[in-house]
Structure formats: structure tokens, C-alpha cells
$ cat entry03.txt   # compact mmCIF, N, CA, C and O atoms
# COMPACT_ATOMS: atom_id res chain seq x y z
N ALA E 1 0.82 -1.19 0.00
CA ALA E 1 0.00 0.00 0.00
C ALA E 1 0.86 1.25 0.00
O ALA E 1 0.55 2.22 -0.69
N VAL E 2 1.93 1.24 0.77
CA VAL E 2 2.82 2.41 0.81
C VAL E 2 3.45 2.64 -0.56
O VAL E 2 3.52 3.78 -1.04
N ALA E 3 3.88 1.57 -1.20
CA ALA E 3 4.50 1.71 -2.52
C ALA E 3 3.50 2.28 -3.52
O ALA E 3 3.86 3.13 -4.34
N LEU E 4 2.26 1.82 -3.46
CA LEU E 4 1.25 2.35 -4.38
C LEU E 4 1.00 3.83 -4.13
O LEU E 4 0.88 4.62 -5.06
N LYS E 5 0.91 4.21 -2.87
CA LYS E 5 0.67 5.61 -2.53
C LYS E 5 1.81 6.50 -3.01
O LYS E 5 1.59 7.61 -3.47
N GLN E 6 3.03 6.00 -2.94
CA GLN E 6 4.19 6.75 -3.37
C GLN E 6 4.43 6.62 -4.88
O GLN E 6 5.34 7.25 -5.41
N GLY E 7 3.65 5.79 -5.56
CA GLY E 7 3.86 5.57 -6.98
C GLY E 7 5.01 4.64 -7.29
O GLY E 7 5.51 4.58 -8.40
N ARG E 8 5.43 3.89 -6.29
CA ARG E 8 6.53 2.95 -6.47
C ARG E 8 5.99 1.56 -6.73
O ARG E 8 4.93 1.19 -6.26
N LYS E 9 6.77 0.78 -7.47
CA LYS E 9 6.42 -0.61 -7.74
C LYS E 9 7.22 -1.57 -6.88
O LYS E 9 6.90 -2.72 -6.75
N GLY E 10 8.33 -1.10 -6.33
CA GLY E 10 9.18 -1.96 -5.50
C GLY E 10 10.01 -2.93 -6.28
O GLY E 10 10.45 -3.94 -5.75
N SER E 11 10.25 -2.62 -7.57
CA SER E 11 11.02 -3.52 -8.42
C SER E 11 12.04 -2.74 -9.26
O SER E 11 11.76 -1.66 -9.74
N LEU E 12 13.20 -3.33 -9.41
CA LEU E 12 14.23 -2.81 -10.29
C LEU E 12 14.59 -3.89 -11.29
O LEU E 12 14.78 -5.05 -10.91
N GLY E 13 14.66 -3.52 -12.55
CA GLY E 13 15.03 -4.48 -13.58
C GLY E 13 16.51 -4.41 -13.88
O GLY E 13 17.09 -3.32 -13.93
N ILE E 14 17.12 -5.54 -14.06
CA ILE E 14 18.49 -5.62 -14.55
C ILE E 14 18.46 -6.49 -15.79
O ILE E 14 18.12 -7.67 -15.72
N PHE E 15 18.75 -5.89 -16.92
CA PHE E 15 18.85 -6.61 -18.19
C PHE E 15 20.34 -6.75 -18.45
O PHE E 15 21.07 -5.77 -18.55
N PHE E 16 20.79 -7.97 -18.57
CA PHE E 16 22.20 -8.28 -18.45
C PHE E 16 22.74 -8.99 -19.67
O PHE E 16 22.25 -10.03 -20.05
N HIS E 17 23.78 -8.40 -20.27
CA HIS E 17 24.55 -9.09 -21.31
C HIS E 17 25.77 -9.64 -20.60
O HIS E 17 26.58 -8.89 -20.06
N SER E 18 25.88 -10.95 -20.55
CA SER E 18 26.92 -11.62 -19.76
C SER E 18 28.30 -11.05 -20.02
O SER E 18 28.65 -10.71 -21.14
N LEU E 19 29.06 -10.96 -18.94
CA LEU E 19 30.44 -10.47 -19.00
C LEU E 19 31.40 -11.62 -18.78
O LEU E 19 31.08 -12.59 -18.10
N GLY E 20 32.59 -11.45 -19.28
CA GLY E 20 33.65 -12.41 -19.01
C GLY E 20 33.48 -13.71 -19.81
O GLY E 20 32.56 -13.87 -20.59
N VAL E 21 34.37 -14.59 -19.55
CA VAL E 21 34.35 -15.89 -20.21
C VAL E 21 33.59 -16.87 -19.32
O VAL E 21 33.56 -16.71 -18.10
N PRO E 22 32.96 -17.89 -19.92
CA PRO E 22 32.25 -18.87 -19.10
C PRO E 22 33.17 -19.43 -18.00
O PRO E 22 34.33 -19.74 -18.25
N GLY E 23 32.64 -19.49 -16.81
CA GLY E 23 33.40 -20.02 -15.68
C GLY E 23 34.16 -18.96 -14.91
O GLY E 23 34.74 -19.25 -13.87
N SER E 24 34.17 -17.69 -15.38
CA SER E 24 34.95 -16.66 -14.69
C SER E 24 34.24 -16.14 -13.45
O SER E 24 34.85 -15.47 -12.63
N GLU E 25 32.96 -16.38 -13.30
CA GLU E 25 32.13 -15.95 -12.18
C GLU E 25 31.92 -14.45 -12.11
O GLU E 25 31.33 -13.96 -11.15
N LEU E 26 32.36 -13.68 -13.10
CA LEU E 26 32.16 -12.23 -13.08
C LEU E 26 30.67 -11.90 -13.12
O LEU E 26 30.19 -11.08 -12.35
N SER E 27 29.92 -12.54 -14.00
CA SER E 27 28.48 -12.30 -14.09
C SER E 27 27.79 -12.72 -12.81
O SER E 27 26.92 -12.00 -12.31
N TYR E 28 28.16 -13.85 -12.29
CA TYR E 28 27.55 -14.35 -11.05
C TYR E 28 27.77 -13.37 -9.90
O TYR E 28 26.85 -13.04 -9.15
N ARG E 29 28.99 -12.87 -9.75
CA ARG E 29 29.29 -11.94 -8.64
C ARG E 29 28.49 -10.65 -8.78
O ARG E 29 28.00 -10.11 -7.80
N PHE E 30 28.36 -10.16 -10.02
CA PHE E 30 27.58 -8.94 -10.25
C PHE E 30 26.13 -9.13 -9.81
O PHE E 30 25.58 -8.34 -9.07
N VAL E 31 25.52 -10.21 -10.27
CA VAL E 31 24.12 -10.48 -9.95
C VAL E 31 23.95 -10.72 -8.46
O VAL E 31 22.99 -10.23 -7.84
N LYS E 32 24.85 -11.43 -7.85
CA LYS E 32 24.77 -11.72 -6.42
C LYS E 32 24.82 -10.42 -5.61
O LYS E 32 24.01 -10.22 -4.69
N GLU E 33 25.74 -9.53 -5.93
CA GLU E 33 25.86 -8.27 -5.19
C GLU E 33 24.66 -7.36 -5.43
O GLU E 33 24.16 -6.72 -4.50
N ALA E 34 24.20 -7.28 -6.67
CA ALA E 34 23.03 -6.45 -6.98
C ALA E 34 21.81 -6.97 -6.22
O ALA E 34 21.04 -6.19 -5.65
N SER E 35 21.64 -8.26 -6.20
CA SER E 35 20.51 -8.87 -5.51
C SER E 35 20.56 -8.59 -4.01
O SER E 35 19.54 -8.24 -3.40
N ALA E 36 21.73 -8.71 -3.42
CA ALA E 36 21.87 -8.45 -1.98
C ALA E 36 21.58 -6.99 -1.66
O ALA E 36 20.89 -6.68 -0.68
N CYS E 37 22.05 -6.08 -2.49
CA CYS E 37 21.82 -4.65 -2.26
C CYS E 37 20.34 -4.33 -2.36
O CYS E 37 19.80 -3.61 -1.52
N LEU E 38 19.67 -4.86 -3.37
CA LEU E 38 18.24 -4.61 -3.52
C LEU E 38 17.44 -5.21 -2.36
O LEU E 38 16.49 -4.60 -1.89
N ALA E 39 17.83 -6.38 -1.90
CA ALA E 39 17.14 -7.01 -0.77
C ALA E 39 17.25 -6.14 0.47
O ALA E 39 16.30 -6.04 1.26
N ASN E 40 18.37 -5.47 0.66
CA ASN E 40 18.55 -4.57 1.80
C ASN E 40 17.62 -3.37 1.74
O ASN E 40 17.39 -2.72 2.75
N HIS E 41 17.10 -3.07 0.57
CA HIS E 41 16.19 -1.94 0.39
C HIS E 41 14.76 -2.40 0.08
O HIS E 41 13.96 -1.62 -0.44
N ASP E 42 14.47 -3.66 0.38
CA ASP E 42 13.14 -4.24 0.15
C ASP E 42 12.66 -4.01 -1.28
O ASP E 42 11.50 -3.65 -1.52
N THR E 43 13.55 -4.19 -2.22
CA THR E 43 13.22 -4.03 -3.64
C THR E 43 13.39 -5.36 -4.35
O THR E 43 14.40 -6.05 -4.16
N ARG E 44 12.40 -5.71 -5.15
CA ARG E 44 12.46 -6.95 -5.91
C ARG E 44 13.34 -6.77 -7.14
O ARG E 44 13.46 -5.68 -7.69
N LEU E 45 13.92 -7.85 -7.58
CA LEU E 45 14.81 -7.85 -8.74
C LEU E 45 14.17 -8.57 -9.91
O LEU E 45 13.71 -9.70 -9.77
N TRP E 46 14.10 -7.88 -11.04
CA TRP E 46 13.73 -8.50 -12.32
C TRP E 46 15.02 -8.73 -13.06
O TRP E 46 15.74 -7.78 -13.37
N LEU E 47 15.33 -9.94 -13.39
CA LEU E 47 16.58 -10.25 -14.08
C LEU E 47 16.27 -10.90 -15.42
O LEU E 47 15.54 -11.89 -15.48
N ARG E 48 16.82 -10.31 -16.47
CA ARG E 48 16.67 -10.86 -17.82
C ARG E 48 18.04 -10.85 -18.48
O ARG E 48 18.83 -9.93 -18.27
N PHE E 49 18.31 -11.85 -19.28
CA PHE E 49 19.57 -11.93 -20.02
C PHE E 49 19.30 -11.72 -21.50
O PHE E 49 18.25 -12.11 -22.01
N PHE E 50 20.24 -11.10 -22.19
CA PHE E 50 20.12 -10.88 -23.63
C PHE E 50 21.51 -10.96 -24.25
O PHE E 50 22.52 -10.88 -23.55
N SER E 51 21.56 -11.10 -25.58
CA SER E 51 22.85 -11.13 -26.25
C SER E 51 22.91 -10.22 -27.48
O SER E 51 23.99 -9.82 -27.89
N GLU E 52 21.78 -9.89 -28.06
CA GLU E 52 21.75 -9.08 -29.28
C GLU E 52 20.97 -7.79 -29.04
O GLU E 52 20.08 -7.74 -28.19
N ASP E 53 21.27 -6.75 -29.85
CA ASP E 53 20.56 -5.48 -29.74
C ASP E 53 19.05 -5.66 -29.84
O ASP E 53 18.30 -5.10 -29.04
N GLN E 54 18.59 -6.42 -30.81
CA GLN E 54 17.16 -6.60 -31.01
C GLN E 54 16.50 -7.27 -29.82
O GLN E 54 15.40 -6.91 -29.41
N GLU E 55 17.18 -8.22 -29.24
CA GLU E 55 16.65 -8.90 -28.06
C GLU E 55 16.51 -7.93 -26.89
O GLU E 55 15.51 -7.94 -26.17
N LEU E 56 17.47 -7.04 -26.73
CA LEU E 56 17.40 -6.01 -25.69
C LEU E 56 16.21 -5.08 -25.94
O LEU E 56 15.44 -4.77 -25.03
N LEU E 57 16.04 -4.65 -27.17
CA LEU E 57 14.92 -3.76 -27.49
C LEU E 57 13.57 -4.43 -27.22
O LEU E 57 12.64 -3.79 -26.76
N GLU E 58 13.46 -5.71 -27.50
CA GLU E 58 12.22 -6.44 -27.22
C GLU E 58 11.94 -6.52 -25.72
O GLU E 58 10.78 -6.48 -25.30
N LEU E 59 12.98 -6.62 -24.92
CA LEU E 59 12.80 -6.64 -23.46
C LEU E 59 12.32 -5.29 -22.93
O LEU E 59 11.61 -5.23 -21.94
N CYS E 60 12.70 -4.22 -23.61
CA CYS E 60 12.38 -2.86 -23.17
C CYS E 60 11.05 -2.39 -23.75
O CYS E 60 10.96 -1.35 -24.39
N ARG E 61 10.01 -3.13 -23.49
CA ARG E 61 8.69 -2.77 -23.99
C ARG E 61 8.13 -1.59 -23.19
O ARG E 61 8.53 -1.36 -22.04
N PRO E 62 7.23 -0.83 -23.78
CA PRO E 62 6.69 0.37 -23.11
C PRO E 62 6.06 0.11 -21.75
O PRO E 62 6.10 0.97 -20.88
N SER E 63 5.49 -1.05 -21.53
CA SER E 63 4.83 -1.34 -20.25
C SER E 63 5.79 -1.41 -19.07
O SER E 63 5.35 -1.40 -17.92
N LEU E 64 7.09 -1.44 -19.33
CA LEU E 64 8.05 -1.49 -18.21
C LEU E 64 7.91 -0.30 -17.28
O LEU E 64 8.15 -0.42 -16.08
N LYS E 65 7.50 0.83 -17.80
CA LYS E 65 7.34 2.03 -16.97
C LYS E 65 6.30 1.80 -15.88
O LYS E 65 6.36 2.40 -14.81
N ARG E 66 5.33 0.94 -16.16
CA ARG E 66 4.29 0.63 -15.16
C ARG E 66 4.70 -0.50 -14.23
O ARG E 66 4.06 -0.73 -13.21
N GLU E 67 5.76 -1.22 -14.58
CA GLU E 67 6.14 -2.41 -13.83
C GLU E 67 7.40 -2.26 -12.99
O GLU E 67 7.59 -3.00 -12.03
N LEU E 68 8.25 -1.30 -13.35
CA LEU E 68 9.53 -1.14 -12.67
C LEU E 68 9.73 0.29 -12.19
O LEU E 68 9.27 1.23 -12.82
N ASP E 69 10.49 0.44 -11.10
CA ASP E 69 10.90 1.76 -10.65
C ASP E 69 12.13 2.23 -11.41
O ASP E 69 12.37 3.43 -11.54
N GLY E 70 12.92 1.30 -11.87
CA GLY E 70 14.14 1.65 -12.59
C GLY E 70 14.66 0.46 -13.37
O GLY E 70 14.24 -0.67 -13.16
N LEU E 71 15.58 0.75 -14.27
CA LEU E 71 16.15 -0.29 -15.12
C LEU E 71 17.64 -0.07 -15.23
O LEU E 71 18.10 1.04 -15.52
N LEU E 72 18.40 -1.12 -15.01
CA LEU E 72 19.85 -1.10 -15.17
C LEU E 72 20.18 -2.07 -16.29
O LEU E 72 19.78 -3.24 -16.24
N ILE E 73 20.89 -1.58 -17.28
CA ILE E 73 21.34 -2.45 -18.36
C ILE E 73 22.83 -2.65 -18.15
O ILE E 73 23.60 -1.68 -18.15
N ALA E 74 23.21 -3.88 -17.95
CA ALA E 74 24.58 -4.18 -17.54
C ALA E 74 25.26 -5.13 -18.52
O ALA E 74 24.60 -5.82 -19.29
N GLY E 75 26.57 -5.14 -18.43
CA GLY E 75 27.34 -6.05 -19.26
C GLY E 75 27.97 -5.33 -20.43
O GLY E 75 28.35 -4.17 -20.34
N GLU E 76 28.06 -6.01 -21.52
CA GLU E 76 28.69 -5.47 -22.72
C GLU E 76 27.90 -4.28 -23.27
O GLU E 76 26.68 -4.32 -23.33
N PRO E 77 28.58 -3.21 -23.69
CA PRO E 77 27.88 -2.04 -24.22
C PRO E 77 27.15 -2.34 -25.53
O PRO E 77 27.60 -3.17 -26.33
N HIS E 78 26.02 -1.68 -25.72
CA HIS E 78 25.23 -1.77 -26.95
C HIS E 78 24.91 -0.36 -27.43
O HIS E 78 23.77 0.11 -27.34
N PRO E 79 25.94 0.37 -27.93
CA PRO E 79 25.76 1.78 -28.28
C PRO E 79 24.75 2.03 -29.40
O PRO E 79 24.15 3.11 -29.47
N ALA E 80 24.50 1.07 -30.25
CA ALA E 80 23.58 1.25 -31.37
C ALA E 80 22.14 1.43 -30.92
O ALA E 80 21.31 1.95 -31.69
N VAL E 81 21.80 1.05 -29.70
CA VAL E 81 20.41 1.14 -29.26
C VAL E 81 20.19 2.17 -28.15
O VAL E 81 19.07 2.30 -27.65
N VAL E 82 21.21 2.92 -27.80
CA VAL E 82 21.11 3.87 -26.68
C VAL E 82 19.96 4.86 -26.90
O VAL E 82 19.14 5.07 -26.01
N GLU E 83 19.88 5.51 -28.05
CA GLU E 83 18.84 6.50 -28.30
C GLU E 83 17.45 5.90 -28.20
O GLU E 83 16.54 6.50 -27.63
N LYS E 84 17.27 4.70 -28.74
CA LYS E 84 15.95 4.04 -28.65
C LYS E 84 15.58 3.74 -27.21
O LYS E 84 14.43 3.87 -26.81
N LEU E 85 16.56 3.35 -26.42
CA LEU E 85 16.30 3.02 -25.01
C LEU E 85 15.94 4.29 -24.22
O LEU E 85 15.10 4.23 -23.32
N LEU E 86 16.57 5.39 -24.53
CA LEU E 86 16.27 6.63 -23.81
C LEU E 86 14.87 7.15 -24.10
O LEU E 86 14.27 7.81 -23.25
N THR E 87 14.33 6.85 -25.27
CA THR E 87 12.97 7.30 -25.56
C THR E 87 11.99 6.29 -25.01
O THR E 87 10.87 6.58 -24.76

$ encode --input "entry03.txt" --output "C-alpha cells"
Amino acid sequence: AVALKQGRKGSLGIFFHSLGVPGSELSYRFVKEASACLANHDTRLWLRFFSEDQELLELCRPSLKRELDGLLIAGEPHPAVVEKLLT
């Protein structure tokens, strides 16, 4: 009820393009730390993985504004889609 009154959803999305080589645990450590930090703030984590620009754009559907308080896109840079993501 408090979240609704404040206009908050209590969720943060992390859309993640895996980092490092398989077995390096870099991706695992990132997700583990992000999850622990969000849990300390009573915020739920939405985690999605992607590998291509188009897949990332499909994840960023307009309804996310109603479902998440914020979105973090992590991992390998995808500069070709930055402008589309900002709109």
C-alpha cells in the first residue's frame, strides 16, 4: 500500500549481457551483489539476459514504466540502441 501511494512498484530491472568468459564468475558476482543490495532496500529484482541489440529492445517494452521503478542495463555495451532506449 505504501508503494502504491508513493507511486513505487518496489522492483528494479536488470537486463544483463553476460560479462567475461564462461566459468569466470564475473556475471555471477555482479548479480549476487546487486541482488543483496536490492534485498537490503526491500526491492524486488527483475533479471533478464540478452545477447543481441534486437533482443534487448524487445525486453524494453513500453509497459516497463508501469512495472519497474528503474532499469539497469549491464554487461557489454550496446551503443547502437542507446537513443531508442532513452525514448

$ atom_distance --input "entry03.txt" --atom1 "CA of Leu59 (chain E)" --atom2 "CA of Glu33 (chain E)"
22.5 Å

$ select_by_dssp --input "entry03.txt" --residues "chain E" --states "alpha helix (DSSP H)" --output "PyMOL selection string"
chain E and resi 2-6+26-40+53-59+64-67+82-86

$ atom_distance --input "entry03.txt" --atom1 "atom O of Lys84 (chain E)" --atom2 "atom C of Lys65 (chain E)"
13.8 Å

$ closest_residue --input "entry03.txt" --among "E:Cys37, E:Leu57, E:Leu47, E:Leu26" --to "Leu72 (chain E)" --atoms "only C-alpha atoms"
E:Leu47

$ atom_distance --input "entry03.txt" --atom1 "atom N of Glu25 (chain E)" --atom2 "atom N of Thr43 (chain E)"
25.5 Å

$ residues_near_point --input "entry03.txt" --point "(9.5, 1.9, -8.3)" --cutoff "9 Å" --atoms "only C-alpha atoms" --output "list of chain:residue names"
E:Ala3, E:Gln6, E:Gly7, E:Arg8, E:Lys9, E:Gly10, E:Ser11, E:Leu12, E:Thr43, E:Lys65, E:Arg66, E:Glu67, E:Leu68, E:Asp69, E:Gly70

$ write_last_selection --input "entry03.txt" --atoms "N, CA, C and O atoms" --output "PDB file, in the frame of the given file"
ATOM      1  N   ALA E   3       3.880   1.570  -1.200  1.00  0.00           N
ATOM      2  CA  ALA E   3       4.500   1.710  -2.520  1.00  0.00           C
ATOM      3  C   ALA E   3       3.500   2.280  -3.520  1.00  0.00           C
ATOM      4  O   ALA E   3       3.860   3.130  -4.340  1.00  0.00           O
ATOM      5  N   GLN E   6       3.030   6.000  -2.940  1.00  0.00           N
ATOM      6  CA  GLN E   6       4.190   6.750  -3.370  1.00  0.00           C
ATOM      7  C   GLN E   6       4.430   6.620  -4.880  1.00  0.00           C
ATOM      8  O   GLN E   6       5.340   7.250  -5.410  1.00  0.00           O
ATOM      9  N   GLY E   7       3.650   5.790  -5.560  1.00  0.00           N
ATOM     10  CA  GLY E   7       3.860   5.570  -6.980  1.00  0.00           C
ATOM     11  C   GLY E   7       5.010   4.640  -7.290  1.00  0.00           C
ATOM     12  O   GLY E   7       5.510   4.580  -8.400  1.00  0.00           O
ATOM     13  N   ARG E   8       5.430   3.890  -6.290  1.00  0.00           N
ATOM     14  CA  ARG E   8       6.530   2.950  -6.470  1.00  0.00           C
ATOM     15  C   ARG E   8       5.990   1.560  -6.730  1.00  0.00           C
ATOM     16  O   ARG E   8       4.930   1.190  -6.260  1.00  0.00           O
ATOM     17  N   LYS E   9       6.770   0.780  -7.470  1.00  0.00           N
ATOM     18  CA  LYS E   9       6.420  -0.610  -7.740  1.00  0.00           C
ATOM     19  C   LYS E   9       7.220  -1.570  -6.880  1.00  0.00           C
ATOM     20  O   LYS E   9       6.900  -2.720  -6.750  1.00  0.00           O
ATOM     21  N   GLY E  10       8.330  -1.100  -6.330  1.00  0.00           N
ATOM     22  CA  GLY E  10       9.180  -1.960  -5.500  1.00  0.00           C
ATOM     23  C   GLY E  10      10.010  -2.930  -6.280  1.00  0.00           C
ATOM     24  O   GLY E  10      10.450  -3.940  -5.750  1.00  0.00           O
ATOM     25  N   SER E  11      10.250  -2.620  -7.570  1.00  0.00           N
ATOM     26  CA  SER E  11      11.020  -3.520  -8.420  1.00  0.00           C
ATOM     27  C   SER E  11      12.040  -2.740  -9.260  1.00  0.00           C
ATOM     28  O   SER E  11      11.760  -1.660  -9.740  1.00  0.00           O
ATOM     29  N   LEU E  12      13.200  -3.330  -9.410  1.00  0.00           N
ATOM     30  CA  LEU E  12      14.230  -2.810 -10.290  1.00  0.00           C
ATOM     31  C   LEU E  12      14.590  -3.890 -11.290  1.00  0.00           C
ATOM     32  O   LEU E  12      14.780  -5.050 -10.910  1.00  0.00           O
ATOM     33  N   THR E  43      13.550  -4.190  -2.220  1.00  0.00           N
ATOM     34  CA  THR E  43      13.220  -4.030  -3.640  1.00  0.00           C
ATOM     35  C   THR E  43      13.390  -5.360  -4.350  1.00  0.00           C
ATOM     36  O   THR E  43      14.400  -6.050  -4.160  1.00  0.00           O
ATOM     37  N   LYS E  65       7.500   0.830 -17.800  1.00  0.00           N
ATOM     38  CA  LYS E  65       7.340   2.030 -16.970  1.00  0.00           C
ATOM     39  C   LYS E  65       6.300   1.800 -15.880  1.00  0.00           C
ATOM     40  O   LYS E  65       6.360   2.400 -14.810  1.00  0.00           O
ATOM     41  N   ARG E  66       5.330   0.940 -16.160  1.00  0.00           N
ATOM     42  CA  ARG E  66       4.290   0.630 -15.160  1.00  0.00           C
ATOM     43  C   ARG E  66       4.700  -0.500 -14.230  1.00  0.00           C
ATOM     44  O   ARG E  66       4.060  -0.730 -13.210  1.00  0.00           O
ATOM     45  N   GLU E  67       5.760  -1.220 -14.580  1.00  0.00           N
ATOM     46  CA  GLU E  67       6.140  -2.410 -13.830  1.00  0.00           C
ATOM     47  C   GLU E  67       7.400  -2.260 -12.990  1.00  0.00           C
ATOM     48  O   GLU E  67       7.590  -3.000 -12.030  1.00  0.00           O
ATOM     49  N   LEU E  68       8.250  -1.300 -13.350  1.00  0.00           N
ATOM     50  CA  LEU E  68       9.530  -1.140 -12.670  1.00  0.00           C
ATOM     51  C   LEU E  68       9.730   0.290 -12.190  1.00  0.00           C
ATOM     52  O   LEU E  68       9.270   1.230 -12.820  1.00  0.00           O
ATOM     53  N   ASP E  69      10.490   0.440 -11.100  1.00  0.00           N
ATOM     54  CA  ASP E  69      10.900   1.760 -10.650  1.00  0.00           C
ATOM     55  C   ASP E  69      12.130   2.230 -11.410  1.00  0.00           C
ATOM     56  O   ASP E  69      12.370   3.430 -11.540  1.00  0.00           O
ATOM     57  N   GLY E  70      12.920   1.300 -11.870  1.00  0.00           N
ATOM     58  CA  GLY E  70      14.140   1.650 -12.590  1.00  0.00           C
ATOM     59  C   GLY E  70      14.660   0.460 -13.370  1.00  0.00           C
ATOM     60  O   GLY E  70      14.240  -0.670 -13.160  1.00  0.00           O
TER      61      GLY E  70
END

$ residues_around --input "entry03.txt" --residues "His17 (chain E)" --least-positions-apart "6" --cutoff "5 Å" --atoms "all atoms listed in the file" --output "VMD selection string"
chain E and resid 50 74 to 76

$ residues_around --input "entry03.txt" --residues "Arg48 (chain E)" --least-positions-apart "6" --cutoff "4.5 Å" --atoms "all atoms listed in the file" --output "PyMOL selection string"
chain E and resi 14-16

$ build_atoms --input "entry03.txt" --residues "region 56-64 of chain E" --atoms "all heavy atoms" --output "PDB file, keeping the file's coordinate frame"
ATOM      1  N   LEU E  56      17.470  -7.040 -26.730  1.00  0.00           N
ATOM      2  CA  LEU E  56      17.400  -6.010 -25.690  1.00  0.00           C
ATOM      3  C   LEU E  56      16.210  -5.080 -25.940  1.00  0.00           C
ATOM      4  O   LEU E  56      15.440  -4.770 -25.030  1.00  0.00           O
ATOM      5  CB  LEU E  56      18.691  -5.209 -25.641  1.00  0.00           C
ATOM      6  CG  LEU E  56      18.708  -3.993 -24.719  1.00  0.00           C
ATOM      7  CD1 LEU E  56      18.395  -4.384 -23.280  1.00  0.00           C
ATOM      8  CD2 LEU E  56      20.045  -3.283 -24.818  1.00  0.00           C
ATOM      9  N   LEU E  57      16.040  -4.650 -27.170  1.00  0.00           N
ATOM     10  CA  LEU E  57      14.920  -3.760 -27.490  1.00  0.00           C
ATOM     11  C   LEU E  57      13.570  -4.430 -27.220  1.00  0.00           C
ATOM     12  O   LEU E  57      12.640  -3.790 -26.760  1.00  0.00           O
ATOM     13  CB  LEU E  57      15.006  -3.312 -28.949  1.00  0.00           C
ATOM     14  CG  LEU E  57      16.148  -2.347 -29.257  1.00  0.00           C
ATOM     15  CD1 LEU E  57      16.248  -2.107 -30.752  1.00  0.00           C
ATOM     16  CD2 LEU E  57      15.980  -1.045 -28.501  1.00  0.00           C
ATOM     17  N   GLU E  58      13.460  -5.710 -27.500  1.00  0.00           N
ATOM     18  CA  GLU E  58      12.220  -6.440 -27.220  1.00  0.00           C
ATOM     19  C   GLU E  58      11.940  -6.520 -25.720  1.00  0.00           C
ATOM     20  O   GLU E  58      10.780  -6.480 -25.300  1.00  0.00           O
ATOM     21  CB  GLU E  58      12.282  -7.837 -27.842  1.00  0.00           C
ATOM     22  CG  GLU E  58      12.218  -7.811 -29.358  1.00  0.00           C
ATOM     23  CD  GLU E  58      12.548  -9.152 -30.005  1.00  0.00           C
ATOM     24  OE1 GLU E  58      12.721 -10.153 -29.275  1.00  0.00           O
ATOM     25  OE2 GLU E  58      12.642  -9.180 -31.239  1.00  0.00           O
ATOM     26  N   LEU E  59      12.980  -6.620 -24.920  1.00  0.00           N
ATOM     27  CA  LEU E  59      12.800  -6.640 -23.460  1.00  0.00           C
ATOM     28  C   LEU E  59      12.320  -5.290 -22.930  1.00  0.00           C
ATOM     29  O   LEU E  59      11.610  -5.230 -21.940  1.00  0.00           O
ATOM     30  CB  LEU E  59      14.120  -7.010 -22.769  1.00  0.00           C
ATOM     31  CG  LEU E  59      14.594  -8.446 -22.914  1.00  0.00           C
ATOM     32  CD1 LEU E  59      16.011  -8.582 -22.365  1.00  0.00           C
ATOM     33  CD2 LEU E  59      13.653  -9.405 -22.211  1.00  0.00           C
ATOM     34  N   CYS E  60      12.700  -4.220 -23.610  1.00  0.00           N
ATOM     35  CA  CYS E  60      12.380  -2.860 -23.170  1.00  0.00           C
ATOM     36  C   CYS E  60      11.050  -2.390 -23.750  1.00  0.00           C
ATOM     37  O   CYS E  60      10.960  -1.350 -24.390  1.00  0.00           O
ATOM     38  CB  CYS E  60      13.505  -1.912 -23.564  1.00  0.00           C
ATOM     39  SG  CYS E  60      15.030  -2.264 -22.686  1.00  0.00           S
ATOM     40  N   ARG E  61      10.010  -3.130 -23.490  1.00  0.00           N
ATOM     41  CA  ARG E  61       8.690  -2.770 -23.990  1.00  0.00           C
ATOM     42  C   ARG E  61       8.130  -1.590 -23.190  1.00  0.00           C
ATOM     43  O   ARG E  61       8.530  -1.360 -22.040  1.00  0.00           O
ATOM     44  CB  ARG E  61       7.763  -3.974 -23.911  1.00  0.00           C
ATOM     45  CG  ARG E  61       7.568  -4.502 -22.503  1.00  0.00           C
ATOM     46  CD  ARG E  61       6.832  -5.834 -22.488  1.00  0.00           C
ATOM     47  NE  ARG E  61       6.544  -6.237 -21.141  1.00  0.00           N
ATOM     48  CZ  ARG E  61       7.409  -6.827 -20.326  1.00  0.00           C
ATOM     49  NH1 ARG E  61       8.624  -7.080 -20.736  1.00  0.00           N
ATOM     50  NH2 ARG E  61       7.055  -7.164 -19.108  1.00  0.00           N
ATOM     51  N   PRO E  62       7.230  -0.830 -23.780  1.00  0.00           N
ATOM     52  CA  PRO E  62       6.690   0.370 -23.110  1.00  0.00           C
ATOM     53  C   PRO E  62       6.060   0.110 -21.750  1.00  0.00           C
ATOM     54  O   PRO E  62       6.100   0.970 -20.880  1.00  0.00           O
ATOM     55  CB  PRO E  62       5.650   0.885 -24.104  1.00  0.00           C
ATOM     56  CG  PRO E  62       6.112   0.382 -25.427  1.00  0.00           C
ATOM     57  CD  PRO E  62       6.739  -0.957 -25.144  1.00  0.00           C
ATOM     58  N   SER E  63       5.490  -1.050 -21.530  1.00  0.00           N
ATOM     59  CA  SER E  63       4.830  -1.340 -20.250  1.00  0.00           C
ATOM     60  C   SER E  63       5.790  -1.410 -19.070  1.00  0.00           C
ATOM     61  O   SER E  63       5.350  -1.400 -17.920  1.00  0.00           O
ATOM     62  CB  SER E  63       4.036  -2.641 -20.351  1.00  0.00           C
ATOM     63  OG  SER E  63       4.917  -3.728 -20.574  1.00  0.00           O
ATOM     64  N   LEU E  64       7.090  -1.440 -19.330  1.00  0.00           N
ATOM     65  CA  LEU E  64       8.050  -1.490 -18.210  1.00  0.00           C
ATOM     66  C   LEU E  64       7.910  -0.300 -17.280  1.00  0.00           C
ATOM     67  O   LEU E  64       8.150  -0.420 -16.080  1.00  0.00           O
ATOM     68  CB  LEU E  64       9.489  -1.539 -18.740  1.00  0.00           C
ATOM     69  CG  LEU E  64       9.970  -2.871 -19.293  1.00  0.00           C
ATOM     70  CD1 LEU E  64      11.409  -2.744 -19.773  1.00  0.00           C
ATOM     71  CD2 LEU E  64       9.850  -3.971 -18.267  1.00  0.00           C
TER      72      LEU E  64
END
